[in-house]
Amino acid sequence: MKMKSDQAIKLLNDEGLRLDGRRLDELRPLKIEVGVLKNADGSAYIEHGKNKIIVAVYGPREVHPKHLTLPDRAIVRVRYHMAPFSVPERKSPAPSRREIELSKVIREALEPAILVEKFPRTAIDVFIEVLQADGGTRCASITAAAVALADAGIPMKDLVAAVAVGKINGKIALDLNHLEDQYGEGDMPVAMMPGLKTITLLQADGIFSKEEFKQALDLAISGIQVIYRKQREALKKKYEKMIRTVTGGGS
Amino acid sequence: MSKPEKIIPLIQKKSIEALLEKGERLDGRSPTAYRSVRITVNAIERAEGSAIAEIGNTMVIAGVKMSLGSPFPDTPDKGVLIVNAELIPIASPTFEPGPPGEEDVEISRVVDRGIRSSEMIDLSKLAIIPGKKVWVIYVDIYALNHDGNLFDACMLAATSALLTTQKPKTVVENNEVKLLEEKEPLPIKTRPVSVTFAKIGSYMVVDPSYKEELAMDARLTLSFSENGDIVAVQKGLPGYFSYDEIMQALEIGEKISRDIRKHLPPIPTSASND
């Protein structure tokens, strides 16, 4: 449950810079690694600001329990989970209502990109473990999960990239960190298939005028383009290395 | 006995889309027409506030119970709001008994966000002894009949119940809270309203019926405060929206929210005014 404080906390300095020195339209540092887990069919690790999240994809594989099987397509299952040590105050490892909701919306953000009809009677499982949280974990999870799905060789229409925008001290800002999320006036996570220009996750809380909402969505879309590029670079990096090993490293 | 499935024959989805191409819907509504809304307040005398909300044949009941409790450590000077919605088997052959599933949790949280983000209730006025004793507001919502758009129905029932809630006045004597016989309403600032859209194929409709929900690819719930600000958004289901579809929903949704709000009880004159 998020608590909004009434006290106006100064999240922008006189030069219009944020507490961590960023401009309003600036993303936090982003690092994506592909294929970090040996057992998983696909995996990715993301550091987005202080967020550290690891994602494993298993499947397409047999469905257990069997009655969940769909005759014409694969089912996609997502488990978003926060490690107890990922937040300042220890979080109970049992799934919270927040984690249940986020697992659902993350699944629904990823599924439009997956060609589920290629794999009837199977399950594609996406396991997300938030190791350290610093605001925007659902978005960083989606960004990493899309890369992990691609790494698993699952055919997709596009990657899915995500970022949260929000309102801090009355200004629309890109990629809120934890403090800005907690003390800001609004938070709006957005996920897209950037190549197809379609929005697959949209949530918001806080107070946005119609103009602010449009401005926020526009800003999110521009941030998503940068993240999309990083996702593709990360995937290329792994597979270019693999090609080099196969073609050049024979001797 | 076979269990009714939450699936729709492909042919029926196609016929819904074919109708929408002509701007028509199964029940004769236009794509932007909301069904009739009916609100019955004070349905349950035992509850501090209660309401039954109906949208067409969809029916939801909400009850408010108030109790004294401890505040959350990070908001010692505020009352506590807890929203819980359950899709009980009474409402539909597709609902099963058991602990709340992800749909129940999603509805609860979307209704909670609409109420909390809009600052509908001035929670700072519900701290009696800051840091020690505050009012805890429990809003419990139960689906009674599911004919689509439970999100909006739950929101209507919850807000109506809160608007008509009467809680005991309190006095503090020797650091003890005493409840008085006299009642007062909750400190309410605005009346948020949610408007839900369904995307079926490439068409958008407002206030989907059950049949339309079976055919829908994606759902978008937008909540508006009284002055037209957006206070909560939730996209659901494994479909997607274009930028233009979202902007269009925003325009239409805001207008519709004003019409729906006319069915809500008025904002009670605040306790702090007397």
# chains A, B, ... in the order shown; residues from 1 in each chain; ligands from 1

call {"tool": "residues_around", "arguments": {"residues": "Lys38 of chain A", "least_positions_apart": "2", "cutoff": "12 Å", "atoms": "only C-alpha atoms", "output": "list of chain:residue names"}}
result
A:Val34, A:Gly35, A:Val36, A:Ala40, A:Asp41, A:Gly42, A:Ser43, A:Ala44, A:Ala56, A:Val57, A:Tyr58, A:Asp151, A:Ala152

call {"tool": "write_last_selection", "arguments": {"atoms": "C-alpha atoms", "output": "JSON list (two decimals), in the first residue's frame"}}
result
[["chain", "number", "residue", "atom", "x", "y", "z"],
["A", 34, "VAL", "CA", 21.00, -11.74, -21.26],
["A", 35, "GLY", "CA", 21.33, -15.44, -20.49],
["A", 36, "VAL", "CA", 22.47, -15.17, -16.89],
["A", 40, "ALA", "CA", 16.33, -21.48, -17.53],
["A", 41, "ASP", "CA", 15.36, -21.59, -21.21],
["A", 42, "GLY", "CA", 15.80, -17.84, -21.25],
["A", 43, "SER", "CA", 16.91, -15.33, -18.65],
["A", 44, "ALA", "CA", 17.85, -11.72, -18.10],
["A", 56, "ALA", "CA", 13.85, -16.64, -15.80],
["A", 57, "VAL", "CA", 11.67, -18.05, -18.57],
["A", 58, "TYR", "CA", 10.80, -21.73, -18.76],
["A", 151, "ASP", "CA", 16.42, -15.32, -25.11],
["A", 152, "ALA", "CA", 14.25, -18.42, -24.64]]

call {"tool": "select_by_dssp", "arguments": {"residues": "segment 22-223 of chain A", "states": "strand (DSSP E or B)", "output": "ChimeraX atom specification"}}
result
/A:30-34,42-48,51-62,70,73,75-82,114,122-132,156,161-168,171-174,186-193,198-208

call {"tool": "closest_residue", "arguments": {"among": "A:Pro189, A:Pro65, A:Gly16, A:Pro93", "to": "chain B", "atoms": "only C-alpha atoms"}}
result
A:Pro189

call {"tool": "interface_residues", "arguments": {"of": "chain A", "to": "chain B", "cutoff": "6 Å", "atoms": "only C-alpha atoms", "output": "list in words"}}
result
Glu101, Glu108, Glu111, Pro112, Thr198, Ile199, Thr200, Leu201, Leu202, Gln203, Ala204, Asp205, Gly206, Ile207, Phe208 and Ser209 of chain A

call {"tool": "atom_distance", "arguments": {"atom1": "atom CA of Ala140 of chain A", "atom2": "atom CA of Val163 of chain A"}}
result
7.1 Å

call {"tool": "atom_distance", "arguments": {"atom1": "atom CA of Ala173 of chain A", "atom2": "atom CA of Arg18 of chain A"}}
result
9.2 Å

call {"tool": "residues_around", "arguments": {"residues": "Ile142 of chain A", "least_positions_apart": "3", "cutoff": "12 Å", "atoms": "only C-alpha atoms", "output": "ChimeraX atom specification"}}
result
/A:44-46,48,53-56,78-80,102-111,113,126-130,136-139,145-149,159-164,189-193,200-201,224,227-228,231

call {"tool": "atom_distance", "arguments": {"atom1": "atom CA of Ala91 of chain B", "atom2": "atom CA of Leu163 of chain B"}}
result
24.7 Å

call {"tool": "residues_around", "arguments": {"residues": "Gly28 of chain B", "least_positions_apart": "6", "cutoff": "12 Å", "atoms": "only C-alpha atoms", "output": "JSON, numbers by chain"}}
result
{"B": [16, 19, 20, 22, 34, 35, 209]}

call {"tool": "write_last_selection", "arguments": {"atoms": "N, CA, C and O atoms", "output": "short mmCIF file (atom, residue, chain, number, x, y, z; two decimals), in the first residue's frame"}}
result
data_model
loop_
_atom_site.label_atom_id
_atom_site.label_comp_id
_atom_site.auth_asym_id
_atom_site.auth_seq_id
_atom_site.Cartn_x
_atom_site.Cartn_y
_atom_site.Cartn_z
N ILE B 16 -20.32 -10.13 -32.86
CA ILE B 16 -20.25 -8.88 -32.08
C ILE B 16 -19.43 -7.85 -32.86
O ILE B 16 -19.80 -6.68 -32.96
N LEU B 19 -21.38 -6.46 -35.81
CA LEU B 19 -22.33 -5.45 -35.36
C LEU B 19 -21.62 -4.13 -35.10
O LEU B 19 -22.08 -3.06 -35.49
N LEU B 20 -20.46 -4.22 -34.43
CA LEU B 20 -19.72 -3.01 -34.07
C LEU B 20 -19.25 -2.25 -35.31
O LEU B 20 -19.14 -1.04 -35.28
N LYS B 22 -20.92 -1.78 -37.77
CA LYS B 22 -22.06 -0.92 -38.13
C LYS B 22 -22.40 0.06 -37.00
O LYS B 22 -23.39 0.77 -37.06
N TYR B 34 -23.85 4.07 -21.92
CA TYR B 34 -23.74 3.37 -20.65
C TYR B 34 -25.12 2.81 -20.32
O TYR B 34 -26.14 3.42 -20.67
N ARG B 35 -25.16 1.67 -19.66
CA ARG B 35 -26.48 1.15 -19.25
C ARG B 35 -27.04 2.01 -18.11
O ARG B 35 -26.33 2.83 -17.54
N SER B 209 -21.08 -5.42 -21.49
CA SER B 209 -21.94 -6.43 -20.87
C SER B 209 -21.13 -7.71 -20.70
O SER B 209 -20.00 -7.80 -21.18
#
